[in-house]
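Inspection log for the structure reproduced underneath, given as structure tokens.
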Amino acid sequence: MNPTSFLQPTPRRRFVRNLRIAAVLGLAAAVVSAAAQTPAAPAASQPAASQGAVAPAKLLRPEVANAVNAAQDAARAGQKDAAEAKLREAATVPNLSMYEQAVIERGRAGVSLSTQDWPQAMRSLEVVVGSRQFDGAEQLQMIELLAKISYQQKDYLRAVSWLRRYAHDGGTDPALRGLLPQALYLANEFKPAADELEQRVAADEAAHQPTPEITLRLLISCYQQLKDDAGYQRTLERLALVAPKPEYWADLLARVTKQPGFSDRLWLDVFRLRLAAGLMNSAEEFVEMAQLALQGGYPAEALRVVDRGLALSLLGNGQDAAAHTALRERASAAAEKDSADLGRAEASARKAREGDALVNVGLAYASAGHGAKGLALMEQGVAKGNLRRADEARLHLGQALWRAGRRDEAAQVLAEVKGGDGSAALARVWSVFARSPAGKV
């Protein structure tokens, strides 16, 4: 499987659910209703239109209001031609004020919305918003509608403009504000989309709350499009922390093992994490891990791995069943002998100048099921110093601390691994795993 294929977003299918036609029409009904209910000026306060008088600002003369109301009624009845005729009638009233012109245009927007004439609806709403004849909630409602229709019609750059205007003017609907990075992404504006998403991630981190997985998936796709490897890696780690799915761990580990200069000595530690994260799903993987454990001097671990493969019915079947049985017998015999020799190995390790021997013996004890003793020896070995393989020792100590449930300490020790042979990168993935919900022991 392409390790990044699962990260491809489906923005139209996933995000357009908030922009169903019914929802747009629901807001349109509010616009229509507002136009129909705009109060007319008291008759006594308005000179007759036939005398050429200009309507007072922010007041609607009856002849305009009645025509606009009739247009709305006709539109609701599905009589588009009649509705448009009434709007033309309203537009012929002499000396229209800017406010009356805006009300007529908003009525035209309402008719267009009722008939799903989206281009005309957007043109009319833009005229009305630009007239600045409406304030507060009414103005914001029309801006919201413009943002939604633009997105619905796949005019993403236009949607970006109105979504930014919506936020600037005080819009608070989180679903609508959440459309901005999606619109930017769909407009192929990947860098601005990533910047917008990073701000949201930073806000979540400052508030000590997890960022939704869907947000991080969109962000990682932005970095993929931008070929920004550092951003991709950083976001993949965030994904693994908030939504520890097997595919995220698989991608993280694949990136580690493909690094130039990755040491073969680290493959057993890779398999250890694969086993812990639930990624082992083939007989070949269990056999290879068991063989590496035997070669590394950890037969008890090899035996445990084989038994796990047998319990999952991945081993002990088919044409290789006899080979699996032989591998188990070899691991069992080696584990029995190793158990008898551990005491002598421990005594020798305590006398050694370097701490590596204590770390290795401690890991052997831990692998044989003596976790507390093994961890204590490993800590003593690292504390002794003079480590020939300091990064490897800390990598193994971090794993042992994680198994003991000391997750924060494990992360601290793993952060000290600096090796350029792939150990630092692997330790970082181990650290993410130890801190994630999947890493709870």
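Here, A, B, ... name the chains of the structure tokens in the order displayed, residue numbers run from 1 inside each chain, and ligands are numbered from 1 in the same displayed order.
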
### Message
So that I can check the surroundings of stretch 417-430 of chain A, please list as number ranges by chain every protein, DNA and RNA residue that reaches within 8 Å of it, counting only C-alpha atoms and ignoring chain neighbours fewer than 3 positions away.
### Response
A: 237, 252-253, 256-257, 259, 261-263, 266, 270, 273, 390-392, 394-395, 399, 413-414, 433-434

### Task
Might you pull out every residue within 12 Å of A:Gly439, with only C-alpha atoms counted and same-chain residues fewer than 5 positions away left off, and present them as a ChimeraX atom specification?
/A:240-245,249,273-278,399,401-408,410-411,429-434

Take the residues that were just selected and, keeping C-alpha atoms, output them as a compact mmCIF listing (two decimals), in the first residue's frame.
# COMPACT_ATOMS: atom_id res chain seq x y z
CA ALA A 240 -0.69 9.48 15.75
CA LEU A 241 -1.14 11.22 19.10
CA VAL A 242 -4.80 12.19 18.68
CA ALA A 243 -5.97 9.25 16.56
CA PRO A 244 -3.53 6.37 17.03
CA LYS A 245 -4.56 4.28 14.06
CA TRP A 249 2.25 4.13 13.01
CA LEU A 273 7.04 -1.18 18.12
CA ARG A 274 5.15 -2.88 15.30
CA LEU A 275 4.08 -5.58 17.74
CA ALA A 276 3.07 -3.04 20.39
CA ALA A 277 1.09 -0.99 17.87
CA GLY A 278 -0.75 -4.02 16.49
CA GLN A 399 11.07 1.09 25.97
CA LEU A 401 10.15 2.58 31.15
CA TRP A 402 7.15 2.58 28.81
CA ARG A 403 6.41 -1.08 29.60
CA ALA A 404 6.55 -0.20 33.30
CA GLY A 405 3.91 2.47 32.76
CA ARG A 406 6.32 5.35 33.36
CA ARG A 407 5.35 7.07 30.14
CA ASP A 408 6.59 10.59 30.85
CA ALA A 410 10.13 7.11 28.88
CA ALA A 411 9.53 10.12 26.64
CA VAL A 429 8.39 7.45 17.06
CA TRP A 430 8.67 5.35 20.23
CA SER A 431 8.21 8.56 22.23
CA VAL A 432 5.08 9.51 20.30
CA PHE A 433 3.72 6.00 20.82
CA ALA A 434 4.48 6.07 24.54

### Polymer residues at most 9 Å from A:Ala383, only C-alpha atoms, same-chain spacing of 4 or more positions, as a list in words
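Once the nearby chain positions are removed, what remains is Gly355, Met378 and Glu379 of chain A.
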
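Summary of the local environment: counting only C-alpha atoms, residues at most 7 Å from stretch 303-318 of chain A, other than itself and those fewer than 2 positions away along its chain, are Ser282, Ala283, Phe286, Ala290, Pro299, Ala300, Glu301, Asp320, Ala321, His324, Thr325, Arg328, Ala331 and Ser332 of chain A.
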
### Query
Got a sec to tell me which of stretch 34-265 of chain A DSSP assigns to helix (DSSP H, G or I), as a PyMOL selection string?
chain A and resi 34-36+43-45+49-51+62-76+80-91+98-114+118-131+136-152+156-168+174-177+179-186+190-206+213-226+229-242+246-257+264-265

### Query
So what do you get for atom CA of A:Ala65 versus atom CA of A:Gly130, distance-wise?
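Separating atom CA of A:Ala65 from atom CA of A:Gly130 is a distance of 21.0 Å.
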
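Proximity to A:Thr172 was assessed for A:Leu157, A:Phe190, A:Lys351, A:Gln141 counting only C-alpha atoms; the smallest distance is recorded for A:Gln141.
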
### Task
Calculate how many Å separate atom CA of A:Asp135 from atom CA of A:Arg177, rounding to one decimal.
20.2 Å
